[in-house]
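Below is one structure, written out as structure tokens; the observations come after it.
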Amino acid sequence: MTPSPTQPAYPPVSERFARPDWPNNAWYAAAWDVEVKHALLPRMIAGRRIVLFRRTDGVPAALNDACWHRLLPLSQGRLDGDAVVCGYHGLRYDSHGRCVHMPSQDTINPAARVPALPVVERHRFVWVWPGDPALADPALVPDLHWNHDPAWAADGRTIPVACNYKLVLDNLMDLTHETFVHGSTIGQAAVAEAPFTTTHGPNMVQVARWMIGIEPPPFWGNQLQRQLGRPVGLVDRWQIIRFEAPCTITIDVGVAVTGTGAPEGDRSQGVNGFVLNTITPETETTCLYHWAFARNYRLTEQSLTTELREGVAGIFREDEIILEAQQKAIDANSGKTFYNINIDAGAVWARQLIDRLVDREQPSKVAAE
Amino acid sequence: MTPSPTQPAYPPVSERFARPDWPNNAWYAAAWDVEVKHALLPRMIAGRRIVLFRRTDGVPAALNDACWHRLLPLSQGRLDGDAVVCGYHGLRYDSHGRCVHMPSQDTINPAARVPALPVVERHRFVWVWPGDPALADPALVPDLHWNHDPAWAADGRTIPVACNYKLVLDNLMDLTHETFVHGSTIGQAAVAEAPFTTTHGPNMVQVARWMIGIEPPPFWGNQLQRQLGRPVGLVDRWQIIRFEAPCTITIDVGVAVTGTGAPEGDRSQGVNGFVLNTITPETETTCLYHWAFARNYRLTEQSLTTELREGVAGIFREDEIILEAQQKAIDANSGKTFYNINIDAGAVWARQLIDRLVDREQPSKVAAE
Amino acid sequence: MTPSPTQPAYPPVSERFARPDWPNNAWYAAAWDVEVKHALLPRMIAGRRIVLFRRTDGVPAALNDACWHRLLPLSQGRLDGDAVVCGYHGLRYDSHGRCVHMPSQDTINPAARVPALPVVERHRFVWVWPGDPALADPALVPDLHWNHDPAWAADGRTIPVACNYKLVLDNLMDLTHETFVHGSTIGQAAVAEAPFTTTHGPNMVQVARWMIGIEPPPFWGNQLQRQLGRPVGLVDRWQIIRFEAPCTITIDVGVAVTGTGAPEGDRSQGVNGFVLNTITPETETTCLYHWAFARNYRLTEQSLTTELREGVAGIFREDEIILEAQQKAIDANSGKTFYNINIDAGAVWARQLIDRLVDREQPSKVAAE
């Protein structure tokens with residue numbers, strides 16, 4: 001069931017923000033693994049200020065970034081072995097947040113602690129769980145295996161974007177915008193014109209577009225020609241977008257010489273990439289957009305890895321401009337409704353899955369009526 | 001009836017802002033005519049973000065600057081012929097705001113449109129009407145004909161000022177401040193000392209000051225001497241300020257050799273200018289101050305036009321400093337009252353005419369009591 | 001009675017700010033004496049914008065910094081003899097705030113005045129009293145006589161700090177933080193380990209720490225060695241902090257060769273300084289931190305005065321970073337409680353004395369219940 005293009009699918013912006021904007025019981029990518037060293041790294045994750053660090057045994061840890069005593073950010077202190085030492089009065093906390101030293105006194109109140117967050121290191125990211133620690137099952141970390149799978153070569157970055165994380169999800173769930181935002185690289189009229197199919201499950205939404213027998217856009221034409229070692233004519237192009245609630249999207253993208261069976265599953269005469277995206281809300285109007293681009297060809301060519309990373313980074317800077325302008329427009333037009341058109345089917349489903357996760361965390365309202 | 005100088009004439013600042021700060025049913029100067037090209041120009045006019053552009057037939061148009069679909073400012077898109085194309089998903093709007101193309105679908109919801117504003121081009125400005133389009137009578141555009149009348153040479157500028165537009169009106173309705181703010185150019189003790197008369201009609205207020213047999217201030221002494229080609233002694237100086245609600249003020253200014261009949265109407269031994277001002281509210285604390293200076297002598301001397309424009313611009317920069325400081329002081333002293341003294345008679349009448357226009361647009365409150 | 005270290009001693013931050021944050025009936029240092037010249041100096045003191053100036057007879061005066069007429073800051077006008085002339089319409093006020101001239105009119109409303117504040121010049125500061133002028137007894141100016149006593153050489157500065165003034169008081173009432181914040185100069189483990197005694201009276205709190213037979217910290221070791229002219233071994237170090245409500249703290253500090261009787265009162269084999277601090281609230285989140293360092297040795301050595309002033313300034317910059325980070329953390333964690341530990345005893349008492357002064361100024365609430 002695709003939402004009607006003629007009716008507003010959402011309540012006004014102001015009402016939507018009345019409910020929490022994200023679920024707390026979820027794994028959020030807080031940083032790339034290499035960013036977390038034996039040092040104090042402050043981050044804002046899902047509305048919480050946290051401090052990340054790697055213990056001497058290499059295990060990452062995350063604590064609330066405010067001293068129990070006087071609220072000074074612990075990230076302004078220092079790490080002494082596995083203890084975090086506050087930079088004001090020297091209170092020491094172990095990696096679980098328990099205070100183990102106070103100045104000028106021998107006894108320590110056992111209630112003196114800062115909350116610790118469950119942490120998992122996976123797929124080259126450090127993930128934290130801001131919600132109930134008892135529910136923090138590592139099996140729930142989103143699948144971004146392409147980012148470390150030896151069959152793929154991947155690299156990426158993190159962009160702090162001054163917009164609500166759902167605007168990035170909207171952006172990725174419909175690639176029509178490539179035609180208008182990324183016209184000089186990956187965009188082409190065919191994307192906006194091609195039909196697409198939307199499917200969904202309890203925790204995922206998929207939007208798939210196949211463009212058969214088209215001129216390849218500059219970026220992909222170049223990749224395919226270099227891979228095949230010869231000029232290429234028409235291609236089949238695919239974009240298979242897969243959302244996993246609340247904030248991870250993988251996009252299976254590529255082109256193959258038309259008529260060589262790509263739609264049926266034979267991609268041997270093509271080039272294939274995965275755009276990996278996981279967008280961590282910081283606040284209601286800012287997010288950390290972690291992305292990587294993975295390819296399954298010419299794996300050892302480091303210069304290609306760099307070229308692709310920089311190429312995608314350039315494309316995403318075009319999105320960043322649009323997304324931040326859109327957030328400002330939302331702020332300036334509070335109360336105005338988002339209208340949906342056909343292309344928004346995937347984004348609408350994605351937002352409904354997020355809303356469902358959020359609602360599940362709210363106290364029951366049955367008794368209230 | 002001049003307001004009493006010993007009683008606060010207004011409710012506190014905070015209460016005054018409770019009612020709308022300007023009428024919507026009025027023509028507001030949005031830009032100089034030459035600023036509006038075949039390109040997208042964003043402006044904030046009377047609290048509304050709009051996008052201005054000139055169609056291929058040269059006619060100016062104005063739309064709300066937010067795409068119906070996802071609110072992205074249309075001004076971040078592009079103009080294609082007479083169509084505005086959104087920079088995100090490519091929705092196209094005609095110059096009346098009707099959506100004429102959506103990506104990936106053939107049918108277009110007839111409700112998909114962005115509001116268009118009535119536009120008139122007159123007196124070298126492009127005027128928009130933010131209120132009810134049915135009431136947008138071009139005959140109501142304020143009279144600034146000096147700005148294009150061949151009997152006058154005029155030039156000017158627009159200053160974005162970080163203050164409420166009424167503070168600029170206050171400033172212009174009483175020129176006593178010239179003595180203190182513009183002492184080095186047009187100010188002189190005589191201005192603050194001279195008597196003045198205030199008259200008013202249903203939509204206008206006039207404040208007239210004649211200073212008879214005074215030393216000319218540097219600016220005017222210089223103009224008159226160059227015009228007559230000889231040194232001048234004492235002069236008669238006039239300032240006839242005419243306010244037209246809600247935000248246009250023309251000031252008939254000049255000096256003539258004293259005793260040559262200027263007060264009786266013979267200005268042949270004098271120099272005469274008109275300061276044209278129309279102040280467009282952007283928000284409650286910012287405005288666009290459009291001004292021009294027109295003269296009726298040495299019309300073809302372009303260097304004089306430039307000299308006068310730059311001279312007035314320098315004088316208005318002195319006002320800008322005062323006006324922005326005053327707005328900050330109002331913000332910092334919320335609840336504090338403006339007290340009026342004799343010199344404020346014109347400004348008080350002007351504000352009353354504005355309040356009347358605003359009240360006329362409010363739903364009736366008769367039933368409420 | 002020391003507050004319990006295991007219980008929050010205060011209501012949450014948000015509730016504490018519901019009551020006024022400082023008493024109005026108090027002398028606040030507005031500026032150093034040399035800063036107040038025959039010129040208009042704007043300051044924000046205890047939530048009030050004031051303008052300070054020195055009359056032609058040398059006596060300092062303070063008025064509200066907003067013209068009675070249109071609120072323009074008087075500090076943007078000019079001083080003409082002893083009269084303050086508004087920079088917009090030329091209203092003139094005498095040094096008591098009475099309007100003595102209005103433009104274009106002969107009679108002046110006797111109600112036309114701006115409030116004047118009681119002013120006292122003492123201890124090289126200009127003090128103002130924002131509260132009831134009838135209560136402004138100069139005998140209540142805090143004792144900072146070391147700042148001009150010929151037996152002492154003193155110099156200092158004013159730091160505008162973006163934090164609530166009480167955070168500076170907290171900082172000074174417990175010097176444990178020297179160990180962690182000022183480790184390279186005056187901090188040492190001994191400070192955080194040494195026992196301390198807290199005493200208090202109706203308007204003062206004292207926290208005294210003696211560290212017997214310790215290695216001198218770099219700063220003090222250097223001072224003592226230069227004073228005695230020979231290498232020094234172990235020392236006795238003292239820190240006697242004296243708070244005078246609402247915002248003045250003097251700290252008697254120094255070291256003496258251990259075993260020479262300093263704890264018993266003989267400081268002849270030592271060096272002694274007084275850190276003078278008076279912290280004037282500007283707003284709830286900013287303050288003016290006035291400080292000076294006074295010594296009673298080598299009084300005429302100007303290079304030492306400069307060296308000490310610069311040394312202390314460097315130390316206080318370390319505090320400034322912590323204090324502003326703490327204020328940001330409070331803003332970001334509204335509703336979170338400050339927990340107290342043993343070292344906070346002095347600060348807790350100081351805040352209670354402030355609260356008592358503030359409560360005394362509130363209208364009685366007895367009848368309300």
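The chains in the structure tokens are called A, B, ... from first to last as shown; in each chain the residues are counted from 1, and the ligands are counted from 1 in the order shown.
Contacts from chain C to chain B at a cut-off of 8 Å (only C-alpha atoms) map to C:Ala66, C:Trp68, C:His69, C:Arg70, C:Leu71, C:Leu72, C:Pro73, C:Gly87, C:Tyr88, C:His89, C:Gly90, C:Pro103, C:Ser104, C:Gln105, C:Asn109, C:Ala111.
Using only C-alpha atoms, the contacts of Val141 in chain B at a cut-off of 8 Å, with sequence neighbours closer than 2 positions omitted, comprise Trp27, Arg122, Trp127, Asp137, Pro138, Ala139 and Asp143 of chain B.
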Saved selection, atoms kept: C-alpha atoms, as a CSV table (one decimal), in the first residue's frame:
```csv
chain,number,residue,atom,x,y,z
B,27,TRP,CA,2.1,47.0,-1.0
B,122,ARG,CA,6.4,50.9,-10.2
B,127,TRP,CA,6.2,45.7,-4.9
B,137,ASP,CA,-5.2,47.3,-6.1
B,138,PRO,CA,-2.2,48.7,-8.0
B,139,ALA,CA,-3.6,52.2,-7.4
B,143,ASP,CA,3.6,57.7,-4.5
```
> Hey, what's within 8 Å of range 297-307 of chain A if we count only C-alpha atoms and toss same-chain stuff fewer than 5 positions away? As a VMD selection string, please?
Replying inline: chain A and resid 151 to 155 227 271 to 272
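As for CA of Arg356 in chain B and CA of Val207 in chain B, they are spaced 19.7 Å apart.
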>> What's around Val59 in chain A at 12 Å? Count only C-alpha atoms, leave out sequence neighbours fewer than 5 positions away in its own chain, and write the answer as an MDAnalysis selection string.
In response: chainID A and resid 33 36:38 52:54 82 95:96 118:122 126
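A straight line drawn from CA of Arg124 in chain B to CA of Leu63 in chain B is 20.2 Å long.
Here CA of Ile354 in chain C and CA of Ala26 in chain C stand 10.8 Å from one another.
Among C:Tyr28, C:Phe316, C:Trp210, C:Tyr165, the residue with the shortest atom-to-atom distance to Trp129 in chain C, counting only C-alpha atoms, is C:Tyr28.
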